[in-house]
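Structure file upload-v9.cif (mmCIF, C-alpha atoms and all ligand atoms) is printed below.
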data_target
loop_
_atom_site.label_atom_id
_atom_site.label_comp_id
_atom_site.auth_asym_id
_atom_site.auth_seq_id
_atom_site.Cartn_x
_atom_site.Cartn_y
_atom_site.Cartn_z
CA ILE M 126 0.13 -28.91 -9.73
CA ASP M 127 -1.40 -29.28 -13.19
CA GLU M 128 0.74 -32.36 -13.80
CA LEU M 129 -0.34 -33.75 -10.48
CA LEU M 130 -4.00 -33.14 -11.31
CA ALA M 131 -3.51 -34.77 -14.71
CA GLU M 132 -2.07 -37.87 -13.04
CA GLY M 133 -5.14 -37.98 -10.82
CA VAL M 134 -5.45 -37.23 -7.12
CA SER M 135 -8.84 -38.73 -6.37
CA GLY M 136 -8.80 -40.43 -2.97
CA LYS M 137 -5.24 -39.28 -2.29
CA ARG M 138 -4.39 -37.33 0.84
CA VAL M 139 -2.72 -34.13 -0.36
CA PHE M 140 -0.85 -31.99 2.15
CA VAL M 141 -1.02 -28.31 1.15
CA ARG M 142 1.57 -26.17 2.94
CA ALA M 143 -0.14 -22.77 2.84
CA ASP M 144 0.75 -19.47 4.49
CA LEU M 145 -2.35 -18.60 6.49
CA ASN M 146 -0.34 -16.24 8.70
CA VAL M 147 -2.97 -13.49 8.62
CA PRO M 148 -3.21 -10.42 10.86
CA LEU M 149 -5.66 -10.96 13.72
CA ASP M 150 -7.39 -8.66 16.16
CA GLY M 151 -8.23 -11.22 18.84
CA THR M 152 -9.93 -13.89 16.75
CA THR M 153 -11.02 -11.47 14.00
CA ILE M 154 -9.04 -11.64 10.76
CA THR M 155 -8.25 -8.08 9.68
CA ASP M 156 -6.94 -9.04 6.23
CA ASP M 157 -7.74 -12.40 4.64
CA GLY M 158 -5.61 -11.91 1.51
CA ARG M 159 -3.35 -14.84 2.26
CA ILE M 160 -6.31 -17.18 2.74
CA ARG M 161 -7.93 -16.10 -0.51
CA ALA M 162 -4.62 -16.61 -2.28
CA VAL M 163 -4.51 -20.33 -1.59
CA VAL M 164 -8.15 -21.02 -2.51
CA PRO M 165 -7.48 -21.85 -6.21
CA THR M 166 -5.07 -24.63 -5.24
CA VAL M 167 -7.26 -26.07 -2.50
CA LYS M 168 -10.34 -25.89 -4.70
CA ALA M 169 -8.67 -27.53 -7.69
CA LEU M 170 -7.47 -30.40 -5.51
CA ALA M 171 -10.82 -30.85 -3.76
CA ASP M 172 -12.72 -30.68 -7.06
CA ALA M 173 -10.44 -33.44 -8.35
CA GLY M 174 -11.43 -35.64 -5.41
CA ALA M 175 -8.33 -35.24 -3.25
CA ARG M 176 -8.55 -35.34 0.53
CA VAL M 177 -6.93 -32.00 1.22
CA VAL M 178 -4.95 -31.40 4.41
CA VAL M 179 -4.12 -27.70 4.73
CA ALA M 180 -1.31 -26.72 7.09
CA SER M 181 0.28 -23.41 8.05
CA HIS M 182 2.01 -21.47 10.78
CA LEU M 183 0.45 -18.42 12.43
CA GLY M 184 2.57 -15.90 14.28
CA ARG M 185 5.54 -17.00 16.31
CA PRO M 186 4.38 -19.23 19.18
CA LYS M 187 7.19 -20.81 21.17
CA GLY M 188 7.03 -24.41 19.92
CA ALA M 189 4.05 -25.32 22.14
CA PRO M 190 0.27 -24.89 21.88
CA ASP M 191 -0.88 -21.33 22.53
CA PRO M 192 -4.56 -20.47 21.96
CA ALA M 193 -3.68 -16.90 20.93
CA PHE M 194 -2.11 -18.37 17.77
CA SER M 195 -4.78 -20.92 16.87
CA LEU M 196 -5.55 -21.41 13.18
CA ALA M 197 -9.25 -21.98 13.96
CA PRO M 198 -10.34 -18.52 12.66
CA ALA M 199 -8.35 -19.04 9.46
CA ALA M 200 -9.91 -22.50 8.98
CA ALA M 201 -13.39 -21.02 9.38
CA ARG M 202 -12.62 -18.30 6.83
CA LEU M 203 -11.23 -20.85 4.37
CA GLY M 204 -14.54 -22.74 4.68
CA GLU M 205 -16.49 -19.55 3.90
CA LEU M 206 -14.34 -18.80 0.87
CA LEU M 207 -14.62 -22.35 -0.45
CA GLY M 208 -18.33 -22.48 0.30
CA ALA M 209 -17.73 -25.90 1.83
CA GLU M 210 -17.29 -27.44 5.22
CA VAL M 211 -13.70 -27.42 6.43
CA ALA M 212 -12.80 -29.78 9.26
CA PHE M 213 -10.38 -28.51 11.91
CA ALA M 214 -7.90 -30.63 13.86
CA THR M 215 -7.06 -29.19 17.28
CA ASP M 216 -3.51 -30.52 17.07
CA THR M 217 -0.96 -30.86 14.28
CA VAL M 218 0.26 -34.46 14.31
CA GLY M 219 -1.64 -35.89 17.31
CA ASP M 220 -4.87 -37.86 17.71
CA SER M 221 -7.10 -35.05 16.47
CA ALA M 222 -5.10 -34.60 13.26
CA THR M 223 -4.95 -38.34 12.61
CA ALA M 224 -8.68 -38.78 13.17
CA THR M 225 -9.61 -35.67 11.19
CA VAL M 226 -7.57 -36.73 8.17
CA ALA M 227 -8.86 -40.31 8.41
CA GLY M 228 -12.41 -38.92 8.44
CA LEU M 229 -12.00 -36.94 5.21
CA ALA M 230 -14.12 -38.01 2.27
CA ASP M 231 -12.86 -37.62 -1.31
CA GLY M 232 -13.03 -33.90 -2.07
CA GLY M 233 -13.01 -33.02 1.64
CA VAL M 234 -10.81 -30.33 3.19
CA ALA M 235 -9.28 -30.17 6.68
CA VAL M 236 -7.01 -27.65 8.37
CA ILE M 237 -4.62 -28.89 11.03
CA GLU M 238 -3.54 -26.70 13.96
CA ASN M 239 -0.59 -24.28 13.82
CA LEU M 240 2.59 -26.08 12.74
CA ARG M 241 4.65 -23.92 15.13
CA PHE M 242 2.90 -25.46 18.15
CA ASN M 243 5.60 -28.11 17.61
CA ALA M 244 9.24 -27.28 18.33
CA GLY M 245 10.34 -29.54 15.45
CA GLU M 246 8.83 -27.21 12.84
CA THR M 247 11.35 -24.40 13.25
CA SER M 248 14.21 -26.33 14.86
CA LYS M 249 17.77 -25.61 13.69
CA ASP M 250 18.55 -29.25 14.39
CA ASP M 251 18.13 -31.33 11.21
CA ALA M 252 17.22 -34.49 13.14
CA GLU M 253 14.55 -32.76 15.22
CA ARG M 254 13.06 -31.13 12.15
CA GLY M 255 13.27 -34.42 10.27
CA ALA M 256 11.45 -36.30 13.03
CA PHE M 257 8.60 -33.78 12.90
CA ALA M 258 8.54 -33.98 9.09
CA ASP M 259 8.19 -37.78 9.39
CA ARG M 260 5.09 -37.33 11.51
CA LEU M 261 3.62 -34.83 9.04
CA ALA M 262 4.43 -37.21 6.17
CA ALA M 263 2.31 -39.88 7.85
CA LEU M 264 -0.75 -37.66 7.28
CA ALA M 265 -0.42 -37.51 3.49
CA ASP M 266 0.42 -39.23 0.20
CA VAL M 267 1.41 -36.13 -1.78
CA TYR M 268 2.78 -32.66 -0.92
CA VAL M 269 1.83 -29.38 -2.56
CA GLY M 270 3.88 -26.32 -1.60
CA ASP M 271 1.79 -23.17 -1.85
CA GLY M 272 2.82 -21.06 1.15
CA PHE M 273 4.86 -18.52 -0.76
CA GLY M 274 5.19 -16.26 2.30
CA ALA M 275 7.15 -18.97 4.12
CA VAL M 276 9.42 -20.34 1.36
CA HIS M 277 12.42 -18.48 2.80
CA ARG M 278 12.16 -20.51 6.01
CA LYS M 279 14.12 -23.75 6.35
CA HIS M 280 11.32 -25.29 8.37
CA ALA M 281 10.12 -28.90 8.57
CA SER M 282 6.87 -28.38 6.64
CA VAL M 283 8.56 -26.16 4.04
CA PHE M 284 11.89 -27.88 3.46
CA ASP M 285 12.03 -31.39 4.96
CA LEU M 286 8.53 -32.65 4.24
CA PRO M 287 8.62 -32.32 0.42
CA ALA M 288 11.72 -34.53 0.40
CA ARG M 289 9.59 -37.29 1.96
CA LEU M 290 6.62 -37.20 -0.44
CA PRO M 291 5.95 -36.80 -4.17
CA HIS M 292 5.63 -33.03 -4.49
CA ALA M 293 4.48 -30.13 -6.65
CA ALA M 294 4.17 -26.36 -6.51
CA GLY M 295 0.69 -24.89 -6.16
CA TYR M 296 -0.81 -22.08 -8.24
CA LEU M 297 0.13 -19.31 -5.82
CA ILE M 298 3.82 -20.18 -5.75
CA ALA M 299 3.86 -20.48 -9.54
CA THR M 300 2.28 -17.02 -9.92
CA GLU M 301 4.51 -15.35 -7.34
CA VAL M 302 7.70 -16.73 -8.84
CA GLY M 303 6.58 -15.80 -12.36
CA VAL M 304 6.02 -12.17 -11.34
CA LEU M 305 9.14 -11.75 -9.23
CA ARG M 306 11.24 -13.27 -11.99
CA LYS M 307 10.16 -10.36 -14.20
CA LEU M 308 11.72 -7.97 -11.69
CA THR M 309 15.02 -9.80 -11.75
CA ASP M 310 15.26 -10.86 -15.41
CA ASP M 311 13.62 -8.36 -17.77
CA VAL M 312 12.59 -5.28 -15.88
CA ARG M 313 10.95 -2.38 -17.76
CA ARG M 314 12.73 0.90 -16.92
CA PRO M 315 12.81 3.25 -15.13
CA TYR M 316 12.66 0.71 -12.28
CA VAL M 317 11.52 2.59 -9.18
CA VAL M 318 11.52 0.94 -5.78
CA VAL M 319 9.69 2.22 -2.71
CA LEU M 320 11.00 0.86 0.56
CA GLY M 321 9.38 1.40 3.93
CA GLY M 322 8.76 -0.49 7.13
CA SER M 323 10.37 -0.09 10.48
CA LYS M 324 13.82 -1.63 10.35
CA VAL M 325 16.55 -0.91 7.84
CA SER M 326 18.36 -4.07 9.00
CA ASP M 327 15.56 -6.17 7.40
CA LYS M 328 16.15 -4.46 4.06
CA LEU M 329 19.95 -4.45 3.78
CA GLY M 330 20.17 -7.50 1.54
CA VAL M 331 17.59 -6.21 -0.87
CA ILE M 332 19.08 -2.69 -0.99
CA ASP M 333 22.41 -4.28 -1.82
CA HIS M 334 20.78 -6.07 -4.76
CA LEU M 335 18.76 -3.01 -5.82
CA LEU M 336 21.86 -0.87 -6.09
CA GLU M 337 22.72 -3.07 -9.10
CA LYS M 338 19.20 -3.10 -10.56
CA ALA M 339 17.04 -0.12 -9.67
CA ASP M 340 17.10 3.37 -11.18
CA ARG M 341 15.52 5.13 -8.22
CA ILE M 342 14.84 4.18 -4.58
CA LEU M 343 12.31 6.11 -2.47
CA VAL M 344 12.58 5.56 1.28
CA GLY M 345 9.87 5.93 3.94
CA GLY M 346 8.65 4.28 7.14
CA GLY M 347 10.63 3.93 10.35
CA MET M 348 13.79 2.99 8.46
CA VAL M 349 14.03 6.45 6.95
CA PHE M 350 15.36 7.95 10.18
CA THR M 351 18.51 5.88 10.01
CA PHE M 352 19.04 7.30 6.50
CA LEU M 353 18.41 10.87 7.70
CA LYS M 354 20.80 10.39 10.61
CA ALA M 355 23.38 8.89 8.23
CA GLN M 356 23.19 12.18 6.31
CA GLY M 357 23.93 14.10 9.49
CA HIS M 358 20.39 15.20 10.43
CA GLU M 359 18.89 15.04 13.91
CA VAL M 360 15.92 12.68 14.16
CA GLY M 361 14.61 13.41 17.67
CA THR M 362 13.07 10.35 19.34
CA SER M 363 12.29 8.63 16.02
CA LEU M 364 13.06 4.97 15.46
CA LEU M 365 16.79 4.71 14.82
CA GLN M 366 19.19 1.83 14.22
CA GLU M 367 22.40 3.54 15.25
CA ASP M 368 24.54 0.48 14.46
CA GLN M 369 23.37 0.52 10.82
CA ILE M 370 24.48 4.09 10.11
CA PRO M 371 27.87 3.13 8.58
CA VAL M 372 26.19 0.55 6.32
CA VAL M 373 23.62 3.08 5.19
CA GLN M 374 26.37 5.65 4.52
CA GLU M 375 28.17 3.11 2.39
CA TYR M 376 24.97 2.40 0.44
CA LEU M 377 24.35 6.09 -0.15
CA ALA M 378 27.90 6.48 -1.46
CA ARG M 379 27.57 3.44 -3.71
CA ALA M 380 24.23 4.68 -5.06
CA LYS M 381 25.90 7.95 -6.04
CA GLU M 382 28.72 6.11 -7.83
CA ARG M 383 26.27 3.92 -9.73
CA GLY M 384 23.85 6.72 -10.59
CA VAL M 385 21.01 5.22 -8.54
CA GLU M 386 18.84 8.04 -7.23
CA PHE M 387 18.06 7.71 -3.52
CA VAL M 388 15.08 9.87 -2.53
CA LEU M 389 14.47 10.72 1.12
CA PRO M 390 11.50 12.63 2.60
CA ALA M 391 11.42 16.43 2.47
CA ASP M 392 9.04 16.60 5.44
CA VAL M 393 7.61 14.29 8.09
CA LEU M 394 4.67 14.15 10.48
CA VAL M 395 5.87 14.21 14.08
CA SER M 396 4.43 13.86 17.55
CA SER M 397 5.79 13.70 21.09
CA GLU M 398 4.41 10.16 21.49
CA PHE M 399 3.46 7.03 19.62
CA PRO M 400 -0.30 7.07 18.88
CA ASP M 401 -2.76 4.97 20.88
CA MET M 402 -3.43 2.10 18.48
CA LYS M 403 -6.31 0.73 20.56
CA THR M 404 -8.49 3.83 20.75
CA LYS M 405 -7.01 5.42 17.60
CA ALA M 406 -7.63 8.74 19.36
CA PRO M 407 -6.66 11.81 17.27
CA ALA M 408 -2.89 12.32 17.47
CA HIS M 409 -2.69 15.95 16.21
CA PRO M 410 0.73 15.55 14.56
CA ASP M 411 2.82 18.51 13.34
CA THR M 412 4.54 18.70 9.98
CA VAL M 413 8.25 19.53 10.09
CA SER M 414 11.06 19.62 7.59
CA ALA M 415 12.86 16.24 7.59
CA ASP M 416 16.24 17.83 8.34
CA VAL M 417 15.07 19.58 11.54
CA ILE M 418 13.08 17.09 13.60
CA PRO M 419 12.84 18.56 17.14
CA ALA M 420 14.71 16.66 19.87
CA ASP M 421 11.51 15.60 21.70
CA ARG M 422 9.51 14.50 18.64
CA MET M 423 9.29 11.26 16.70
CA GLY M 424 8.53 10.93 13.00
CA LEU M 425 5.50 8.72 12.26
CA ASP M 426 4.70 9.28 8.57
CA ILE M 427 6.03 11.11 5.53
CA GLY M 428 4.65 14.66 5.17
CA PRO M 429 2.50 16.34 2.47
CA GLU M 430 5.45 17.68 0.43
CA THR M 431 6.98 14.21 0.38
CA ARG M 432 3.70 12.66 -0.75
CA LYS M 433 3.78 14.95 -3.80
CA LEU M 434 7.49 14.37 -4.34
CA TYR M 435 7.13 10.57 -4.23
CA ALA M 436 4.09 10.62 -6.53
CA SER M 437 6.12 12.63 -9.07
CA LYS M 438 9.07 10.22 -8.76
CA LEU M 439 6.69 7.33 -9.48
CA ALA M 440 4.86 8.95 -12.39
CA ASP M 441 7.36 8.03 -15.15
CA ALA M 442 8.20 4.54 -13.85
CA GLY M 443 8.17 1.50 -16.12
CA THR M 444 8.20 -0.87 -13.16
CA VAL M 445 7.54 -0.28 -9.48
CA PHE M 446 8.29 -2.58 -6.57
CA TRP M 447 6.91 -1.41 -3.22
CA ASN M 448 7.72 -3.02 0.09
CA GLY M 449 6.80 -1.55 3.46
CA PRO M 450 4.38 1.16 4.62
CA MET M 451 5.44 4.83 4.72
CA GLY M 452 4.17 5.40 8.26
CA VAL M 453 2.03 3.99 11.05
CA PHE M 454 -0.82 3.55 8.55
CA GLU M 455 -3.04 1.64 10.99
CA HIS M 456 -3.68 5.00 12.69
CA PRO M 457 -5.78 7.35 10.52
CA ASP M 458 -3.54 10.36 11.25
CA TYR M 459 -0.51 8.53 9.85
CA ALA M 460 -2.09 6.73 6.90
CA GLU M 461 -1.77 9.43 4.25
CA GLY M 462 1.82 8.70 3.22
CA THR M 463 1.05 5.03 2.58
CA ARG M 464 -2.21 5.98 0.86
CA ALA M 465 -0.39 8.45 -1.42
CA VAL M 466 2.13 5.82 -2.51
CA ALA M 467 -0.65 3.28 -3.13
CA GLN M 468 -2.57 5.89 -5.15
CA ALA M 469 0.53 6.76 -7.18
CA LEU M 470 0.90 3.07 -8.06
CA VAL M 471 -2.76 2.85 -9.04
CA ASP M 472 -2.42 5.96 -11.26
CA SER M 473 0.79 4.74 -12.86
CA PRO M 474 0.88 2.87 -16.18
CA ALA M 475 3.92 0.98 -14.84
CA PHE M 476 3.96 -2.71 -13.97
CA THR M 477 3.43 -2.46 -10.20
CA VAL M 478 4.28 -5.09 -7.62
CA VAL M 479 3.36 -4.72 -3.97
CA GLY M 480 5.53 -7.01 -1.90
CA GLY M 481 5.30 -7.65 1.76
CA GLY M 482 2.76 -8.65 4.33
CA ASP M 483 2.38 -5.12 5.72
CA SER M 484 2.17 -3.17 2.48
CA ALA M 485 -0.16 -5.75 0.95
CA ALA M 486 -2.39 -5.55 4.03
CA ALA M 487 -2.18 -1.72 3.95
CA VAL M 488 -3.43 -1.60 0.37
CA ARG M 489 -6.48 -3.65 1.27
CA ILE M 490 -7.12 -2.05 4.67
CA LEU M 491 -7.00 1.42 3.06
CA GLY M 492 -9.69 0.26 0.65
CA PHE M 493 -7.79 0.04 -2.65
CA ASP M 494 -8.94 -2.38 -5.31
CA GLU M 495 -6.35 -5.15 -5.58
CA LYS M 496 -6.97 -5.36 -9.32
CA ALA M 497 -5.57 -1.84 -9.75
CA PHE M 498 -2.08 -3.25 -9.04
CA GLY M 499 -0.03 -5.50 -11.30
CA HIS M 500 0.57 -7.98 -8.51
CA ILE M 501 0.19 -8.04 -4.75
CA SER M 502 2.60 -10.56 -3.31
CA THR M 503 1.69 -12.64 -0.28
CA GLY M 504 5.34 -12.79 0.70
CA GLY M 505 7.09 -10.22 2.85
CA GLY M 506 10.52 -11.58 3.71
CA ALA M 507 10.09 -14.22 1.00
CA SER M 508 9.69 -11.69 -1.82
CA LEU M 509 12.65 -9.66 -0.56
CA GLU M 510 14.89 -12.72 -0.33
CA TYR M 511 13.78 -13.82 -3.78
CA LEU M 512 14.80 -10.44 -5.20
CA GLU M 513 18.13 -10.69 -3.38
CA GLY M 514 18.77 -13.80 -5.45
CA LYS M 515 18.99 -16.09 -2.43
CA THR M 516 18.19 -19.77 -2.66
CA LEU M 517 14.87 -20.18 -0.92
CA PRO M 518 14.55 -23.54 0.88
CA GLY M 519 10.86 -23.95 0.09
CA LEU M 520 11.42 -23.41 -3.63
CA ALA M 521 14.58 -25.48 -3.82
CA ALA M 522 12.71 -28.36 -2.19
CA LEU M 523 10.10 -28.30 -4.97
CA GLU M 524 12.48 -27.83 -7.88
CA ASP M 525 13.40 -31.42 -8.62
C1 LIG I 1 5.44 -13.73 6.91
O1 LIG I 1 4.51 -13.21 7.56
O2 LIG I 1 6.32 -13.06 6.33
C2 LIG I 1 5.45 -15.21 6.74
O3 LIG I 1 4.23 -15.77 7.11
C3 LIG I 1 6.60 -15.81 7.49
O4 LIG I 1 6.43 -15.59 8.86
P1 LIG I 1 7.73 -15.58 9.82
O5 LIG I 1 8.49 -14.33 9.52
O6 LIG I 1 7.18 -15.62 11.23
O7 LIG I 1 8.54 -16.81 9.49
#

Before anything else, please render the file you have as structure tokens.
Amino acid sequence: IDELLAEGVSGKRVFVRADLNVPLDGTTITDDGRIRAVVPTVKALADAGARVVVASHLGRPKGAPDPAFSLAPAAARLGELLGAEVAFATDTVGDSATATVAGLADGGVAVIENLRFNAGETSKDDAERGAFADRLAALADVYVGDGFGAVHRKHASVFDLPARLPHAAGYLIATEVGVLRKLTDDVRRPYVVVLGGSKVSDKLGVIDHLLEKADRILVGGGMVFTFLKAQGHEVGTSLLQEDQIPVVQEYLARAKERGVEFVLPADVLVSSEFPDMKTKAPAHPDTVSADVIPADRMGLDIGPETRKLYASKLADAGTVFWNGPMGVFEHPDYAEGTRAVAQALVDSPAFTVVGGGDSAAAVRILGFDEKAFGHISTGGGASLEYLEGKTLPGLAALED
């Protein structure tokens, strides 16, 4: 982007592909981290006199307009953060978008409606995606890719559009790639990885990679029960991916061979039911040993012994990568495991990277100061796929 700014962008329409896919409670944004992350790029372009067209997806609407997934709240928040008026187009490539972009003054900023209201955005068919990219291209003279959280998606606005316009990477993408490269190229040891989140199937690729790289892997979140089951323990009614058990067993065996330490919880918080996330009514969980979860109970967070254990396993780290919460942190009774891991990262002198939409949101929702971490990535799947060493369509498209 610096080269682009040096060439001059005044009067040019610059399409910024951001990732404004923020968590919403109705129309209230519960974590605006992803919007704040794109502000430096949008501001630099606007200050240089560009007519900035910001585009993003939000959620997973079905290729047609759906008010529940409107970007209007995100556009309003972007305006607040910029301290400037931000125009909003109620469609993506229709009359509203065309008129809104045509009405931009030099230095003006507009947000167009959710890209995924159009089936062409996510289509597997190259021609359909290409046709939508053509329509997006008509809105701009230059493309800036800055939606790091979406670079692993081969979508029209991420992959096909940059091929149609002069293009550059924004500040956020440059920062994210710079940090994640440190984890793949010259990692300071011991390299300790904390993995959580609900599904082990989402993490298989990265575990495969980490077995070559990491010194220690701590596991929490819903995925831990597949690990416990793979070790022969009963997990009651906890989340379980039965079909992944053989894969997990193979990983555990490979970790042993390679000397990678896999650490599983010693105890867990259990309840007979999933907590009420609307009322957040007290759940009164019990603490049980992780190898004897009663048949009618589900595990919803790591327990107090495990919090201590994981903090001690993080204390001597040189580098920490953390992806995925340790429990259902949105409920106060199940937030302590995630809080303990966040606190251990804050207390650690290691270079700490928080990757993933949910863990990044958890850190902020639990009230931690972002500056206490080395880096908080805006990418969930994107950061994992980067670490796996995959070619990411949205980065490949910007590379030339
Ligand atoms: C994310 O939240 O990880 C990104 O915004 C990508 O969203 P997606 O998984 O719906 O493509």

Provide an axis-aligned box for all listed atoms of region 489-492 of chain M, padding each side by 5 Å; report its centre and its edge lengths in Å to one decimal, as lines of an AutoDock Vina configuration file.
center_x = -8.1
center_y = -1.1
center_z = 2.7
size_x = 13.2
size_y = 15.1
size_z = 14.0

* Report as an MDAnalysis selection string which protein, DNA and RNA residues come within 8 Å of ligand LIG 1 (chain I), using all atoms listed in the file. => chainID M and resid 144:147 182:185 274:275 277:278 481:482 504:507

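The coordinates place CA of Leu286 (chain M) at 23.4 Å from CA of Ala230 (chain M).
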
* From the set M:Gly480, M:Pro429, M:Gly136, M:Gly345, which residue has the shortest atom-to-atom contact distance to Leu512 (chain M), counting only C-alpha atoms? ->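 Under the stated criterion, the closest residue is M:Gly480.
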
* Give me, please, the distance in Å between CA of Ala256 (chain M) and CA of Phe273 (chain M), quoted to one decimal. => 23.4 Å

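Remark: for Ala460 (chain M), the closest of the candidate residues M:Leu434, M:Leu491, M:Ala442, M:Val163 is M:Leu491 (distances computed over all atoms listed in the file).
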
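Pairwise distance (CA of Ala162 (chain M), CA of Gly321 (chain M)) equals 23.6 Å.
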
* With distances taken over all atoms listed in the file, which of M:Val344, M:Val395, M:Ala293, M:Ala173 is nearest to Tyr459 (chain M)? ->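 Among the listed residues, the smallest separation from Tyr459 (chain M) belongs to M:Val395.
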